[in-house]
Amino acid sequence: MRRFAMGIVLSCLSAIAVAADPAAIARKLIGYEYTATRDPLPGLGDCVDEGGGSILNSDEFGFAIIRCGKNRLLALSTSKASRLPHYRILDAIVLPKFDRHYTSDNDKQLLPGGTTCELDGSLETDMQVLVRFGKRERVTSKNGVLAAWGYDLEKGKIIPLDISRITCEKPTPP
């Protein structure tokens, strides 16, 4: 009986340790399958899909921002169209802290590439770019582009991008 109780305690401590480690959460997401929902993702505690979209020029791949507690992760997934979209996560990374609702020019925000950010002068690259505009209307790696990620669809991986190749224009407010 004592071993059983100790096993339960160790199991609970292990679950808490995984929940506290964002990298462990990212690893746990890989291979996870779910149907589109606004509710917490089944079996992942307080993880919620905050939305995403399709990858440019692909009918098969998409991305999502998933919030688990105070952490946000970028997930690359495949999707199956049915009555409700069904996703299978291929890769996930922990994102640096940013303001999802962008309340100030001094806040870090995550911009999707192809809208206001260019890679080597092209809007045809699907990427996520972490920026801080401050008072500027246009930023580069020297004054506001902080990090960027793209996708290697052949390998099913999220890859870091060289921020010196990226420029972003401040989006016009809705």
# chains A, B, ... in the order shown; residues from 1 in each chain; ligands from 1
$ residues_around --residues "range 107-118 of chain A" --least-positions-apart "3" --cutoff "6 Å" --atoms "only C-alpha atoms" --output "PDB file with all heavy atoms, in the first residue's frame"
ATOM      1  N   PHE A  98       5.037  37.792 -25.383  1.00  0.00           N
ATOM      2  CA  PHE A  98       4.589  38.893 -26.237  1.00  0.00           C
ATOM      3  C   PHE A  98       3.158  39.233 -25.873  1.00  0.00           C
ATOM      4  O   PHE A  98       2.469  38.474 -25.195  1.00  0.00           O
ATOM      5  CB  PHE A  98       4.713  38.544 -27.723  1.00  0.00           C
ATOM      6  CG  PHE A  98       3.800  37.441 -28.188  1.00  0.00           C
ATOM      7  CD1 PHE A  98       2.567  37.727 -28.762  1.00  0.00           C
ATOM      8  CD2 PHE A  98       4.181  36.107 -28.063  1.00  0.00           C
ATOM      9  CE1 PHE A  98       1.733  36.706 -29.199  1.00  0.00           C
ATOM     10  CE2 PHE A  98       3.349  35.086 -28.501  1.00  0.00           C
ATOM     11  CZ  PHE A  98       2.124  35.387 -29.060  1.00  0.00           C
ATOM     12  N   ASP A  99       2.707  40.414 -26.312  1.00  0.00           N
ATOM     13  CA  ASP A  99       1.347  40.877 -26.040  1.00  0.00           C
ATOM     14  C   ASP A  99       0.443  40.425 -27.174  1.00  0.00           C
ATOM     15  O   ASP A  99       0.552  40.921 -28.286  1.00  0.00           O
ATOM     16  CB  ASP A  99       1.330  42.401 -25.913  1.00  0.00           C
ATOM     17  CG  ASP A  99      -0.038  42.947 -25.544  1.00  0.00           C
ATOM     18  OD1 ASP A  99      -1.008  42.160 -25.464  1.00  0.00           O
ATOM     19  OD2 ASP A  99      -0.151  44.165 -25.354  1.00  0.00           O
ATOM     20  N   SER A 104       0.287  48.535 -26.827  1.00  0.00           N
ATOM     21  CA  SER A 104       1.212  49.665 -26.837  1.00  0.00           C
ATOM     22  C   SER A 104       2.317  49.428 -27.871  1.00  0.00           C
ATOM     23  O   SER A 104       2.698  48.285 -28.123  1.00  0.00           O
ATOM     24  CB  SER A 104       1.841  49.809 -25.447  1.00  0.00           C
ATOM     25  OG  SER A 104       3.025  50.558 -25.490  1.00  0.00           O
ATOM     26  N   GLY A 121      12.767  40.966 -49.077  1.00  0.00           N
ATOM     27  CA  GLY A 121      11.932  41.799 -49.934  1.00  0.00           C
ATOM     28  C   GLY A 121      10.676  41.127 -50.457  1.00  0.00           C
ATOM     29  O   GLY A 121       9.936  41.724 -51.229  1.00  0.00           O
ATOM     30  N   SER A 122      10.404  39.902 -50.058  1.00  0.00           N
ATOM     31  CA  SER A 122       9.242  39.170 -50.568  1.00  0.00           C
ATOM     32  C   SER A 122       8.197  38.957 -49.482  1.00  0.00           C
ATOM     33  O   SER A 122       8.520  38.575 -48.355  1.00  0.00           O
ATOM     34  CB  SER A 122       9.679  37.808 -51.106  1.00  0.00           C
ATOM     35  OG  SER A 122       8.543  37.025 -51.426  1.00  0.00           O
ATOM     36  N   LEU A 123       6.946  39.164 -49.855  1.00  0.00           N
ATOM     37  CA  LEU A 123       5.826  38.869 -48.962  1.00  0.00           C
ATOM     38  C   LEU A 123       5.371  37.424 -49.091  1.00  0.00           C
ATOM     39  O   LEU A 123       4.422  37.004 -48.453  1.00  0.00           O
ATOM     40  CB  LEU A 123       4.637  39.792 -49.277  1.00  0.00           C
ATOM     41  CG  LEU A 123       4.808  41.250 -48.877  1.00  0.00           C
ATOM     42  CD1 LEU A 123       3.661  42.091 -49.442  1.00  0.00           C
ATOM     43  CD2 LEU A 123       4.881  41.399 -47.372  1.00  0.00           C
ATOM     44  N   GLU A 124       6.037  36.646 -49.913  1.00  0.00           N
ATOM     45  CA  GLU A 124       5.627  35.269 -50.210  1.00  0.00           C
ATOM     46  C   GLU A 124       6.218  34.226 -49.259  1.00  0.00           C
ATOM     47  O   GLU A 124       6.255  33.054 -49.590  1.00  0.00           O
ATOM     48  CB  GLU A 124       5.995  34.906 -51.654  1.00  0.00           C
ATOM     49  CG  GLU A 124       5.237  35.716 -52.684  1.00  0.00           C
ATOM     50  CD  GLU A 124       3.731  35.496 -52.607  1.00  0.00           C
ATOM     51  OE1 GLU A 124       3.299  34.337 -52.498  1.00  0.00           O
ATOM     52  OE2 GLU A 124       2.993  36.497 -52.644  1.00  0.00           O
ATOM     53  N   THR A 125       6.701  34.634 -48.098  1.00  0.00           N
ATOM     54  CA  THR A 125       7.276  33.699 -47.136  1.00  0.00           C
ATOM     55  C   THR A 125       6.355  33.593 -45.937  1.00  0.00           C
ATOM     56  O   THR A 125       5.994  34.599 -45.334  1.00  0.00           O
ATOM     57  CB  THR A 125       8.669  34.179 -46.671  1.00  0.00           C
ATOM     58  OG1 THR A 125       9.494  34.341 -47.809  1.00  0.00           O
ATOM     59  CG2 THR A 125       9.288  33.192 -45.705  1.00  0.00           C
ATOM     60  N   ASP A 126       5.957  32.381 -45.589  1.00  0.00           N
ATOM     61  CA  ASP A 126       5.122  32.187 -44.416  1.00  0.00           C
ATOM     62  C   ASP A 126       6.029  32.095 -43.198  1.00  0.00           C
ATOM     63  O   ASP A 126       6.927  31.245 -43.138  1.00  0.00           O
ATOM     64  CB  ASP A 126       4.287  30.916 -44.548  1.00  0.00           C
ATOM     65  CG  ASP A 126       2.970  31.059 -43.827  1.00  0.00           C
ATOM     66  OD1 ASP A 126       2.939  31.724 -42.771  1.00  0.00           O
ATOM     67  OD2 ASP A 126       1.974  30.517 -44.307  1.00  0.00           O
ATOM     68  N   MET A 127       5.811  32.989 -42.261  1.00  0.00           N
ATOM     69  CA  MET A 127       6.653  33.054 -41.074  1.00  0.00           C
ATOM     70  C   MET A 127       5.903  33.768 -39.961  1.00  0.00           C
ATOM     71  O   MET A 127       4.880  34.392 -40.199  1.00  0.00           O
ATOM     72  CB  MET A 127       7.964  33.777 -41.395  1.00  0.00           C
ATOM     73  CG  MET A 127       7.786  35.193 -41.871  1.00  0.00           C
ATOM     74  SD  MET A 127       9.357  35.917 -42.395  1.00  0.00           S
ATOM     75  CE  MET A 127       8.739  37.325 -43.308  1.00  0.00           C
ATOM     76  N   GLN A 128       6.428  33.664 -38.771  1.00  0.00           N
ATOM     77  CA  GLN A 128       5.951  34.404 -37.607  1.00  0.00           C
ATOM     78  C   GLN A 128       7.111  35.268 -37.149  1.00  0.00           C
ATOM     79  O   GLN A 128       8.233  34.776 -37.007  1.00  0.00           O
ATOM     80  CB  GLN A 128       5.531  33.457 -36.485  1.00  0.00           C
ATOM     81  CG  GLN A 128       4.407  32.513 -36.866  1.00  0.00           C
ATOM     82  CD  GLN A 128       3.102  33.230 -37.088  1.00  0.00           C
ATOM     83  OE1 GLN A 128       2.731  34.118 -36.320  1.00  0.00           O
ATOM     84  NE2 GLN A 128       2.393  32.855 -38.134  1.00  0.00           N
ATOM     85  N   VAL A 129       6.849  36.562 -36.928  1.00  0.00           N
ATOM     86  CA  VAL A 129       7.925  37.497 -36.603  1.00  0.00           C
ATOM     87  C   VAL A 129       7.584  38.223 -35.305  1.00  0.00           C
ATOM     88  O   VAL A 129       6.509  38.808 -35.180  1.00  0.00           O
ATOM     89  CB  VAL A 129       8.140  38.523 -37.742  1.00  0.00           C
ATOM     90  CG1 VAL A 129       9.323  39.427 -37.428  1.00  0.00           C
ATOM     91  CG2 VAL A 129       8.343  37.812 -39.078  1.00  0.00           C
ATOM     92  N   LEU A 130       8.515  38.181 -34.351  1.00  0.00           N
ATOM     93  CA  LEU A 130       8.366  38.895 -33.089  1.00  0.00           C
ATOM     94  C   LEU A 130       9.006  40.268 -33.250  1.00  0.00           C
ATOM     95  O   LEU A 130      10.192  40.359 -33.592  1.00  0.00           O
ATOM     96  CB  LEU A 130       9.036  38.119 -31.961  1.00  0.00           C
ATOM     97  CG  LEU A 130       8.838  38.675 -30.553  1.00  0.00           C
ATOM     98  CD1 LEU A 130       7.380  38.562 -30.121  1.00  0.00           C
ATOM     99  CD2 LEU A 130       9.739  37.948 -29.570  1.00  0.00           C
ATOM    100  N   VAL A 131       8.210  41.328 -33.043  1.00  0.00           N
ATOM    101  CA  VAL A 131       8.700  42.695 -33.253  1.00  0.00           C
ATOM    102  C   VAL A 131       8.313  43.599 -32.093  1.00  0.00           C
ATOM    103  O   VAL A 131       7.401  43.304 -31.323  1.00  0.00           O
ATOM    104  CB  VAL A 131       8.138  43.315 -34.565  1.00  0.00           C
ATOM    105  CG1 VAL A 131       8.551  42.523 -35.777  1.00  0.00           C
ATOM    106  CG2 VAL A 131       6.641  43.471 -34.508  1.00  0.00           C
ATOM    107  N   ARG A 132       9.005  44.731 -32.027  1.00  0.00           N
ATOM    108  CA  ARG A 132       8.631  45.848 -31.153  1.00  0.00           C
ATOM    109  C   ARG A 132       8.841  47.105 -31.991  1.00  0.00           C
ATOM    110  O   ARG A 132       9.962  47.409 -32.388  1.00  0.00           O
ATOM    111  CB  ARG A 132       9.480  45.900 -29.892  1.00  0.00           C
ATOM    112  CG  ARG A 132       9.077  47.093 -29.010  1.00  0.00           C
ATOM    113  CD  ARG A 132       9.897  47.212 -27.750  1.00  0.00           C
ATOM    114  NE  ARG A 132       9.577  46.140 -26.822  1.00  0.00           N
ATOM    115  CZ  ARG A 132      10.497  45.468 -26.123  1.00  0.00           C
ATOM    116  NH1 ARG A 132      11.766  45.730 -26.265  1.00  0.00           N
ATOM    117  NH2 ARG A 132      10.134  44.522 -25.295  1.00  0.00           N
ATOM    118  N   ILE A 166      14.882  40.292 -42.597  1.00  0.00           N
ATOM    119  CA  ILE A 166      13.459  40.615 -42.428  1.00  0.00           C
ATOM    120  C   ILE A 166      13.244  42.098 -42.157  1.00  0.00           C
ATOM    121  O   ILE A 166      13.968  42.708 -41.383  1.00  0.00           O
ATOM    122  CB  ILE A 166      12.867  39.773 -41.271  1.00  0.00           C
ATOM    123  CG1 ILE A 166      12.973  38.287 -41.623  1.00  0.00           C
ATOM    124  CG2 ILE A 166      11.437  40.172 -40.963  1.00  0.00           C
ATOM    125  CD1 ILE A 166      12.592  37.366 -40.503  1.00  0.00           C
ATOM    126  N   THR A 167      12.219  42.661 -42.814  1.00  0.00           N
ATOM    127  CA  THR A 167      11.737  44.013 -42.514  1.00  0.00           C
ATOM    128  C   THR A 167      10.230  43.931 -42.313  1.00  0.00           C
ATOM    129  O   THR A 167       9.551  43.130 -42.946  1.00  0.00           O
ATOM    130  CB  THR A 167      12.035  45.010 -43.654  1.00  0.00           C
ATOM    131  OG1 THR A 167      11.418  44.546 -44.838  1.00  0.00           O
ATOM    132  CG2 THR A 167      13.518  45.185 -43.860  1.00  0.00           C
ATOM    133  N   CYS A 168       9.725  44.765 -41.406  1.00  0.00           N
ATOM    134  CA  CYS A 168       8.288  44.767 -41.121  1.00  0.00           C
ATOM    135  C   CYS A 168       7.766  46.197 -41.094  1.00  0.00           C
ATOM    136  O   CYS A 168       8.422  47.095 -40.559  1.00  0.00           O
ATOM    137  CB  CYS A 168       7.987  44.118 -39.775  1.00  0.00           C
ATOM    138  SG  CYS A 168       8.407  42.365 -39.671  1.00  0.00           S
ATOM    139  N   GLU A 169       6.596  46.374 -41.664  1.00  0.00           N
ATOM    140  CA  GLU A 169       5.879  47.646 -41.616  1.00  0.00           C
ATOM    141  C   GLU A 169       4.830  47.534 -40.523  1.00  0.00           C
ATOM    142  O   GLU A 169       4.207  46.488 -40.357  1.00  0.00           O
ATOM    143  CB  GLU A 169       5.183  47.938 -42.951  1.00  0.00           C
ATOM    144  CG  GLU A 169       6.116  48.003 -44.138  1.00  0.00           C
ATOM    145  CD  GLU A 169       6.974  49.250 -44.187  1.00  0.00           C
ATOM    146  OE1 GLU A 169       6.543  50.283 -43.616  1.00  0.00           O
ATOM    147  OE2 GLU A 169       8.073  49.188 -44.761  1.00  0.00           O
TER     148      GLU A 169
END
$ closest_atom_pairs --of "range 29-127 of chain A" --to "range 141-162 of chain A" --cutoff "8 Å" --atoms "only C-alpha atoms" --output "tab-separated table"
residue	atom	partner	partner_atom	distance
A:Phe61	CA	A:Leu153	CA	7.7
A:Ala75	CA	A:Ile158	CA	7.9
A:Leu76	CA	A:Ile158	CA	6.8
A:Leu90	CA	A:Gly156	CA	5.7
A:Asp91	CA	A:Lys157	CA	5.5
A:Ala92	CA	A:Ile158	CA	7.1
A:Ile93	CA	A:Ile158	CA	7.5
A:Thr125	CA	A:Gly150	CA	7.9
A:Asp126	CA	A:Gly150	CA	6.2
A:Met127	CA	A:Gly150	CA	4.4
$ residues_around --residues "Ala36 in chain A" --least-positions-apart "3" --cutoff "10 Å" --atoms "only C-alpha atoms" --output "JSON list (two decimals) with N, CA, C and O atoms, in the first residue's frame"
[["chain", "number", "residue", "atom", "x", "y", "z"],
["A", 33, "GLU", "N", -3.22, 15.09, -31.42],
["A", 33, "GLU", "CA", -4.29, 15.31, -32.38],
["A", 33, "GLU", "C", -5.51, 15.86, -31.66],
["A", 33, "GLU", "O", -5.83, 15.42, -30.55],
["A", 39, "ASP", "N", -12.43, 25.20, -26.12],
["A", 39, "ASP", "CA", -12.23, 24.65, -24.78],
["A", 39, "ASP", "C", -10.77, 24.24, -24.62],
["A", 39, "ASP", "O", -10.04, 24.09, -25.60],
["A", 41, "LEU", "N", -7.61, 21.96, -24.49],
["A", 41, "LEU", "CA", -7.34, 20.77, -25.29],
["A", 41, "LEU", "C", -7.36, 19.53, -24.39],
["A", 41, "LEU", "O", -6.69, 19.50, -23.36],
["A", 49, "ASP", "N", -6.08, 26.42, -27.75],
["A", 49, "ASP", "CA", -5.71, 26.88, -29.10],
["A", 49, "ASP", "C", -6.24, 28.30, -29.25],
["A", 49, "ASP", "O", -7.45, 28.53, -29.21],
["A", 51, "GLY", "N", -5.80, 30.16, -31.91],
["A", 51, "GLY", "CA", -6.04, 30.47, -33.31],
["A", 51, "GLY", "C", -4.78, 30.36, -34.14],
["A", 51, "GLY", "O", -3.67, 30.27, -33.62],
["A", 84, "LEU", "N", -15.76, 19.37, -38.63],
["A", 84, "LEU", "CA", -14.93, 20.23, -37.79],
["A", 84, "LEU", "C", -13.48, 19.94, -38.12],
["A", 84, "LEU", "O", -13.10, 18.77, -38.21],
["A", 85, "PRO", "N", -12.65, 20.97, -38.30],
["A", 85, "PRO", "CA", -11.24, 20.70, -38.62],
["A", 85, "PRO", "C", -10.56, 19.85, -37.55],
["A", 85, "PRO", "O", -10.79, 20.02, -36.37],
["A", 86, "HIS", "N", -9.72, 18.95, -38.02],
["A", 86, "HIS", "CA", -8.97, 18.04, -37.15],
["A", 86, "HIS", "C", -7.48, 18.28, -37.42],
["A", 86, "HIS", "O", -7.06, 18.32, -38.57],
["A", 87, "TYR", "N", -6.69, 18.45, -36.35],
["A", 87, "TYR", "CA", -5.28, 18.79, -36.49],
["A", 87, "TYR", "C", -4.40, 17.73, -35.86],
["A", 87, "TYR", "O", -4.75, 17.14, -34.85]]
$ select_by_dssp --residues "range 22-53 of chain A" --states "helix (DSSP H, G or I)" --output "PyMOL selection string"
chain A and resi 22-29
$ write_last_selection --atoms "N, CA, C and O atoms" --output "tab-separated table (two decimals), in the first residue's frame"
chain	number	residue	atom	x	y	z
A	22	PRO	N	8.08	24.67	-19.98
A	22	PRO	CA	7.48	24.92	-21.29
A	22	PRO	C	8.05	24.04	-22.41
A	22	PRO	O	7.32	23.62	-23.30
A	23	ALA	N	9.34	23.72	-22.35
A	23	ALA	CA	9.94	22.86	-23.38
A	23	ALA	C	9.33	21.46	-23.32
A	23	ALA	O	9.11	20.82	-24.35
A	24	ALA	N	9.02	20.98	-22.12
A	24	ALA	CA	8.38	19.67	-21.98
A	24	ALA	C	6.97	19.70	-22.55
A	24	ALA	O	6.51	18.73	-23.16
A	25	ILE	N	6.29	20.83	-22.38
A	25	ILE	CA	4.95	20.97	-22.95
A	25	ILE	C	5.05	20.92	-24.47
A	25	ILE	O	4.26	20.25	-25.13
A	26	ALA	N	6.04	21.62	-25.05
A	26	ALA	CA	6.22	21.61	-26.51
A	26	ALA	C	6.46	20.18	-27.00
A	26	ALA	O	5.88	19.76	-28.00
A	27	ARG	N	7.29	19.43	-26.29
A	27	ARG	CA	7.56	18.03	-26.68
A	27	ARG	C	6.29	17.19	-26.59
A	27	ARG	O	6.04	16.33	-27.42
A	28	LYS	N	5.49	17.45	-25.56
A	28	LYS	CA	4.25	16.69	-25.37
A	28	LYS	C	3.24	16.98	-26.48
A	28	LYS	O	2.44	16.12	-26.84
A	29	LEU	N	3.28	18.18	-27.05
A	29	LEU	CA	2.35	18.55	-28.12
A	29	LEU	C	2.64	17.80	-29.42
A	29	LEU	O	1.72	17.56	-30.21
$ atom_distance --atom1 "CA of Pro40 in chain A" --atom2 "CA of Ile65 in chain A"
13.1 Å
$ closest_residue --among "A:Phe133, A:Leu44, A:Pro171, A:Arg165" --to "Asp105 in chain A" --atoms "only C-alpha atoms"
A:Phe133
$ select_by_dssp --residues "range 138-170 of chain A" --states "strand (DSSP E or B)" --output "NGL selection string"
:A and (138-139 or 145-152 or 157-160 or 166-169)
$ closest_residue --among "A:Asn71, A:Thr140, A:Thr37, A:Thr172" --to "Leu95 in chain A" --atoms "only C-alpha atoms"
A:Asn71
$ atom_distance --atom1 "CA of Arg67 in chain A" --atom2 "CA of Asp46 in chain A"
8.0 Å
$ residues_around --residues "Gly62 in chain A" --least-positions-apart "5" --cutoff "9 Å" --atoms "only C-alpha atoms" --output "PDB file with C-alpha atoms, in the first residue's frame"
ATOM      1  CA  GLY A  52      -3.840  30.228 -36.342  1.00  0.00           C
ATOM      2  CA  GLY A  53      -4.142  29.772 -40.046  1.00  0.00           C
ATOM      3  CA  SER A  54      -3.045  27.969 -43.161  1.00  0.00           C
ATOM      4  CA  ILE A  55       0.513  27.932 -44.424  1.00  0.00           C
ATOM      5  CA  LEU A  56       0.905  29.861 -47.691  1.00  0.00           C
ATOM      6  CA  ALA A  75       2.645  24.730 -33.457  1.00  0.00           C
ATOM      7  CA  LEU A  76       2.963  23.408 -37.001  1.00  0.00           C
ATOM      8  CA  SER A  77       0.221  20.957 -37.908  1.00  0.00           C
ATOM      9  CA  THR A  78      -1.434  19.027 -40.662  1.00  0.00           C
ATOM     10  CA  SER A  79      -5.173  19.269 -40.959  1.00  0.00           C
ATOM     11  CA  TYR A  87      -5.285  18.787 -36.489  1.00  0.00           C
TER      12      TYR A  87
END
$ atom_distance --atom1 "CA of His101 in chain A" --atom2 "CA of Val139 in chain A"
19.3 Å
